[in-house]
Amino acid sequence: MVVETNDYAIEVESAEAAVAIAKADLENKQAEAARRVKLNGLAISQETEQSALTAAAVAAATYKQARASLDKANLDLQRTRIYAPVDGYITNLVIQPGDYATAGQRALSLVDSGSFWVDAYFEESLIRKINVGDKAVVKLMAYPSPVNGVVAGIGRGIAVANATPDAVGLPTVNPVFTWVRLAQRIPVRVEFDPSLLSGIRLTAGMTATVSIEM
């Protein structure tokens, strides 16, 4: 994706010109200061010498600032070309050529094509039997053949209704508790090798059944 570059290119040219001017002024002020130092006590006063040295220092700071502005302009120009962080598929594209992008507003979604996993939700009573590295079998609803996978991670936290704070920040505790206690579901991530997906076209959000060898 490329953002209109004309304004940014002009900023770079302007910054380059400012650097050239600042560099020439710095060289002139430094040469002038060097001449004043050589004449110290002979033909000029100490005040004149100090003024020349100060002017050279100011010119050096101006040159440094101009270089920083040029670096910023070049960076802004580079950022007009937007690269995806990973290889993948663009989906939910909601912009058209000529539309303006707004900071913080989603314009598209990118599905990573090099990372495939399934989030399975197992009852907490079974979690103690599941370990990272365990073999798993993933049966996709859309395809008849199962796919082998490996447990890559086990969730370390889930939302608890009683922990939701109220308007003053205190936990909300329901005074009524049912006699039947249902086991919580813990997310378990199962990853599989893309090379095993020949003939299978995955879409994020698909339904699958996961079995883990315990």
# chains A, B, ... in the order shown; residues from 1 in each chain; ligands from 1
>>> residues_around(residues="segment 15-27 of chain A", least_positions_apart="3", cutoff="6 Å", atoms="only C-alpha atoms", output="PDB file with N, CA and C atoms, in the first residue's frame")
ATOM      1  N   VAL A  12      11.298  16.551   1.851  1.00  0.00           N
ATOM      2  CA  VAL A  12      12.678  16.050   1.819  1.00  0.00           C
ATOM      3  C   VAL A  12      13.577  17.027   1.070  1.00  0.00           C
ATOM      4  N   GLN A  30      32.887  28.657  11.387  1.00  0.00           N
ATOM      5  CA  GLN A  30      34.053  27.991  11.966  1.00  0.00           C
ATOM      6  C   GLN A  30      35.355  28.614  11.455  1.00  0.00           C
ATOM      7  N   ALA A  59      25.896  27.953  14.890  1.00  0.00           N
ATOM      8  CA  ALA A  59      25.811  27.405  13.535  1.00  0.00           C
ATOM      9  C   ALA A  59      25.887  25.887  13.563  1.00  0.00           C
ATOM     10  N   ALA A  60      26.713  25.335  14.456  1.00  0.00           N
ATOM     11  CA  ALA A  60      26.818  23.880  14.576  1.00  0.00           C
ATOM     12  C   ALA A  60      25.499  23.280  15.053  1.00  0.00           C
ATOM     13  N   TYR A  63      22.989  23.404  12.208  1.00  0.00           N
ATOM     14  CA  TYR A  63      23.281  22.354  11.231  1.00  0.00           C
ATOM     15  C   TYR A  63      22.782  20.998  11.739  1.00  0.00           C
ATOM     16  N   ALA A  66      19.098  20.861  11.388  1.00  0.00           N
ATOM     17  CA  ALA A  66      18.712  20.682   9.985  1.00  0.00           C
ATOM     18  C   ALA A  66      18.879  19.230   9.566  1.00  0.00           C
ATOM     19  N   ARG A  67      19.957  18.585  10.023  1.00  0.00           N
ATOM     20  CA  ARG A  67      20.169  17.171   9.709  1.00  0.00           C
ATOM     21  C   ARG A  67      19.066  16.309  10.321  1.00  0.00           C
ATOM     22  N   LEU A  70      15.997  16.640   8.267  1.00  0.00           N
ATOM     23  CA  LEU A  70      16.122  15.862   7.036  1.00  0.00           C
ATOM     24  C   LEU A  70      15.872  14.383   7.312  1.00  0.00           C
TER      25      LEU A  70
END
>>> select_by_dssp(residues="segment 85-148 of chain A", states="alpha helix (DSSP H)", output="list in words")
Glu124, Ser125, Leu126 and Ile127 of chain A
>>> select_by_dssp(residues="segment 15-169 of chain A", states="strand (DSSP E or B)", output="ChimeraX atom specification")
/A:40,44,81,88-91,109-112,117-123,135-140,147-154,165
>>> residues_around(residues="segment 82-88 of chain A", least_positions_apart="3", cutoff="9 Å", atoms="only C-alpha atoms", output="ChimeraX atom specification")
/A:1-3,78-79,110-114
>>> closest_residue(among="A:Asp193, A:Asp134, A:Asp119, A:Glu13", to="Thr209 of chain A", atoms="only C-alpha atoms")
A:Asp119
>>> residues_around(residues="Leu108 of chain A", least_positions_apart="3", cutoff="10 Å", atoms="only C-alpha atoms", output="PDB file with C-alpha atoms, in the first residue's frame")
ATOM      1  CA  ILE A  90      -6.157  -9.417   3.059  1.00  0.00           C
ATOM      2  CA  THR A  91      -9.776  -9.658   4.122  1.00  0.00           C
ATOM      3  CA  ASN A  92     -12.550  -7.296   5.206  1.00  0.00           C
ATOM      4  CA  LEU A  93     -11.159  -4.490   3.053  1.00  0.00           C
ATOM      5  CA  VAL A  94     -13.385  -1.462   3.648  1.00  0.00           C
ATOM      6  CA  ILE A  95     -11.502   1.251   1.743  1.00  0.00           C
ATOM      7  CA  GLN A 105      -9.405   3.184  12.496  1.00  0.00           C
TER       8      GLN A 105
END
>>> residues_around(residues="segment 120-125 of chain A", least_positions_apart="3", cutoff="7 Å", atoms="only C-alpha atoms", output="list in words")
Ala183, Gln184, Arg185, Ile186, Pro187, Val188, Arg189 and Val210 of chain A
